[in-house]
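S.K.: Just so it is clear, I am handing over structure.tsv, which has TSV, C-alpha atoms.
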```
chain	number	residue	atom	x	y	z
A	750	GLN	CA	138.97	-55.34	-77.60
A	751	VAL	CA	142.73	-55.77	-77.73
A	752	GLN	CA	145.15	-53.18	-79.06
A	753	LEU	CA	148.01	-54.69	-81.04
A	754	VAL	CA	151.26	-53.12	-82.20
A	755	GLU	CA	153.71	-55.02	-84.37
A	756	SER	CA	157.44	-54.40	-84.66
A	757	GLY	CA	160.56	-56.05	-85.98
A	758	GLY	CA	159.91	-55.93	-89.71
A	759	GLY	CA	162.49	-54.79	-92.21
A	760	LEU	CA	164.91	-56.11	-94.78
A	761	VAL	CA	166.34	-59.57	-94.24
A	762	GLN	CA	168.51	-61.72	-96.44
A	763	ALA	CA	167.08	-65.00	-97.69
A	764	GLY	CA	168.40	-67.76	-95.45
A	765	GLY	CA	168.85	-65.37	-92.54
A	766	SER	CA	166.48	-64.89	-89.62
A	767	LEU	CA	164.04	-62.29	-88.40
A	768	ARG	CA	161.80	-62.06	-85.37
A	769	LEU	CA	158.58	-60.13	-85.38
A	770	SER	CA	156.92	-58.97	-82.17
A	771	CYS	CA	153.37	-57.98	-81.38
A	772	ALA	CA	152.63	-56.15	-78.13
A	773	ALA	CA	149.09	-56.37	-76.81
A	774	SER	CA	147.10	-54.29	-74.36
A	775	GLY	CA	143.51	-53.83	-73.28
A	776	ARG	CA	142.49	-57.32	-72.26
A	777	THR	CA	143.86	-60.25	-70.28
A	778	PHE	CA	146.47	-61.47	-72.73
A	779	SER	CA	146.36	-65.13	-71.78
A	780	SER	CA	142.61	-65.26	-72.52
A	781	CYS	CA	143.31	-64.69	-76.21
A	782	ALA	CA	144.68	-67.02	-78.80
A	783	MET	CA	147.08	-64.95	-80.88
A	784	GLY	CA	148.40	-65.32	-84.37
A	785	TRP	CA	149.92	-63.89	-87.50
A	786	PHE	CA	148.70	-63.21	-91.01
A	787	ARG	CA	150.47	-61.80	-94.02
A	788	GLN	CA	149.48	-60.00	-97.18
A	789	ALA	CA	151.79	-59.77	-100.14
A	790	LEU	CA	151.37	-57.08	-102.77
A	791	GLY	CA	148.44	-57.93	-105.02
A	792	LYS	CA	147.44	-60.97	-103.00
A	793	GLU	CA	144.85	-61.77	-100.38
A	794	ARG	CA	145.68	-61.86	-96.72
A	795	GLU	CA	146.67	-65.36	-95.65
A	796	PHE	CA	146.99	-67.15	-92.34
A	797	VAL	CA	150.53	-67.83	-91.10
A	798	ALA	CA	150.43	-69.22	-87.57
A	799	ALA	CA	148.50	-69.13	-84.30
A	800	ILE	CA	149.16	-69.96	-80.67
A	801	SER	CA	146.76	-70.72	-77.83
A	802	GLY	CA	146.36	-68.49	-74.81
A	803	SER	CA	148.53	-70.70	-72.64
A	804	GLY	CA	151.11	-71.15	-75.38
A	805	GLY	CA	150.72	-74.91	-75.23
A	806	ASN	CA	149.29	-75.37	-78.71
A	807	THR	CA	150.24	-73.93	-82.07
A	808	HIS	CA	148.88	-74.14	-85.60
A	809	ALA	CA	150.74	-73.09	-88.73
A	810	ALA	CA	150.18	-72.89	-92.45
A	811	ASP	CA	151.88	-75.59	-94.50
A	812	SER	CA	153.89	-72.94	-96.33
A	813	VAL	CA	155.76	-71.94	-93.16
A	814	LYS	CA	155.90	-75.19	-91.17
A	815	GLY	CA	159.43	-76.03	-90.22
A	816	ARG	CA	160.62	-72.48	-90.94
A	817	PHE	CA	158.49	-70.12	-88.85
A	818	THR	CA	157.81	-70.48	-85.13
A	819	VAL	CA	155.09	-68.67	-83.22
A	820	SER	CA	155.58	-68.15	-79.49
A	821	ARG	CA	154.34	-65.88	-76.73
A	822	ASP	CA	155.40	-64.40	-73.43
A	823	ASN	CA	152.30	-63.82	-71.33
A	824	ALA	CA	154.29	-61.93	-68.72
A	825	LYS	CA	155.22	-59.39	-71.40
A	826	ASN	CA	151.88	-59.46	-73.27
A	827	THR	CA	153.79	-60.18	-76.45
A	828	VAL	CA	153.55	-62.72	-79.24
A	829	TYR	CA	156.44	-63.46	-81.58
A	830	LEU	CA	156.99	-64.87	-85.04
A	831	GLN	CA	160.46	-66.25	-85.64
A	832	MET	CA	161.24	-66.50	-89.33
A	833	ASN	CA	164.09	-68.91	-89.79
A	834	PRO	CA	164.80	-68.92	-92.60
A	835	PRO	CA	162.81	-66.48	-94.70
A	836	THR	CA	162.71	-67.08	-98.45
A	837	PRO	CA	161.94	-64.83	-101.45
A	838	GLU	CA	158.32	-66.10	-101.22
A	839	ASP	CA	157.79	-64.55	-97.79
A	840	PRO	CA	157.84	-60.75	-98.36
A	841	ALA	CA	154.57	-59.23	-97.15
A	842	VAL	CA	152.97	-57.04	-94.56
A	843	TYR	CA	152.73	-59.19	-91.45
A	844	SER	CA	149.88	-58.48	-89.04
A	845	CYS	CA	149.03	-60.00	-85.71
A	846	ALA	CA	145.52	-60.78	-84.59
A	847	ALA	CA	143.75	-61.79	-81.40
A	848	ASP	CA	140.82	-64.14	-80.95
A	849	ARG	CA	138.31	-63.80	-78.11
A	850	SER	CA	138.94	-67.42	-77.13
A	851	PRO	CA	142.16	-68.84	-75.66
A	852	LEU	CA	141.76	-71.96	-77.78
A	853	ILE	CA	142.83	-72.29	-81.40
A	854	ASN	CA	139.93	-72.87	-83.76
A	855	PRO	CA	141.46	-73.44	-87.21
A	856	THR	CA	138.14	-72.58	-88.89
A	857	ILE	CA	138.09	-69.15	-87.29
A	858	TRP	CA	141.70	-68.44	-88.17
A	859	SER	CA	141.12	-69.53	-91.77
A	860	SER	CA	138.04	-67.30	-91.99
A	861	LYS	CA	140.01	-64.32	-90.61
A	862	LYS	CA	136.99	-63.39	-88.47
A	863	LEU	CA	139.00	-62.23	-85.49
A	864	GLY	CA	138.30	-59.59	-82.91
A	865	SER	CA	141.43	-57.49	-83.08
A	866	TRP	CA	144.09	-56.67	-85.64
A	867	GLY	CA	147.35	-54.78	-85.65
A	868	GLN	CA	148.45	-52.34	-88.34
A	869	GLY	CA	151.14	-54.62	-89.69
A	870	THR	CA	154.87	-54.54	-90.26
A	871	GLN	CA	156.60	-54.86	-93.63
A	872	VAL	CA	159.01	-57.70	-94.27
A	873	THR	CA	161.26	-57.59	-97.31
A	874	VAL	CA	163.51	-60.49	-98.26
A	875	SER	CA	166.59	-60.02	-100.42
A	876	SER	CA	167.88	-62.95	-102.45
```
Do you think you could lay out the structure here as structure tokens?
M.R.:
Amino acid sequence: QVQLVESGGGLVQAGGSLRLSCAASGRTFSSCAMGWFRQALGKEREFVAAISGSGGNTHAADSVKGRFTVSRDNAKNTVYLQMNPPTPEDPAVYSCAADRSPLINPTIWSSKKLGSWGQGTQVTVSS
């Protein structure tokens, strides 16, 4: 089991930038693929992006490709989501998740059947 704590959410202007962080503890960080989901008010949780345990491979939803970047620092046990730029379609509670495998399996990330979840951080975008 991995404990996850997100930070960095808040109010950002459309066209600006925001970086979310997720600090992990409880398991060898590099053995876990990590990723981000979001849930807007009244909508289902949706996949945003994932990164392999080594950081060498990433996978992102079409809605954020070219705007959001997922990265990780295994020395700091932290995964990041750079939102650049956010748009009025991006406000949501953003949560990070950890898989038990270091490899990205798109089917697992789409199914949301992951081992560990954070509590989430709210992102609000002003137009």
S.K.: Report as a PyMOL selection string all protein, DNA and RNA residues lying within 8 Å of segment 819-834 of chain A, evaluated on all atoms listed in the file, omitting residues in the same chain fewer than 5 positions from it.
M.R.: chain A and resi 763-774+778-779+783-785+798-800+803-804+807
S.K.: Between A:Ala809, A:Leu753, A:Cys781, A:Val842, which has the minimum distance to Val872 of chain A (counting only C-alpha atoms)?
M.R.: A:Val842
S.K.: May I ask which of the residues A:Gly815, A:Pro840, A:Pro835, A:Pro851 is the closest one to Gln788 of chain A, counting only C-alpha atoms?
M.R.: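 Looking only at the distances to Gln788 of chain A, the closest residue turns out to be A:Pro840.
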S.K.: Measure the distance from atom CA of Thr873 of chain A to atom CA of Ala846 of chain A in Å and round it to one decimal.
M.R.: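 Interatomic distance, atom CA of Thr873 of chain A to atom CA of Ala846 of chain A: 20.5 Å.
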S.K.: Tell me which of A:Ser875, A:Thr818, A:Thr870, A:Ser859 sits closest to Cys845 of chain A, counting all atoms listed in the file.
M.R.: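 Among the listed residues, A:Thr870 lies closest to Cys845 of chain A.
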S.K.: Just give me the gap between atom CA of Tyr843 of chain A and atom CA of Glu795 of chain A in Å, one decimal is fine.
M.R.: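 Here the two named atoms are 9.6 Å from each other.
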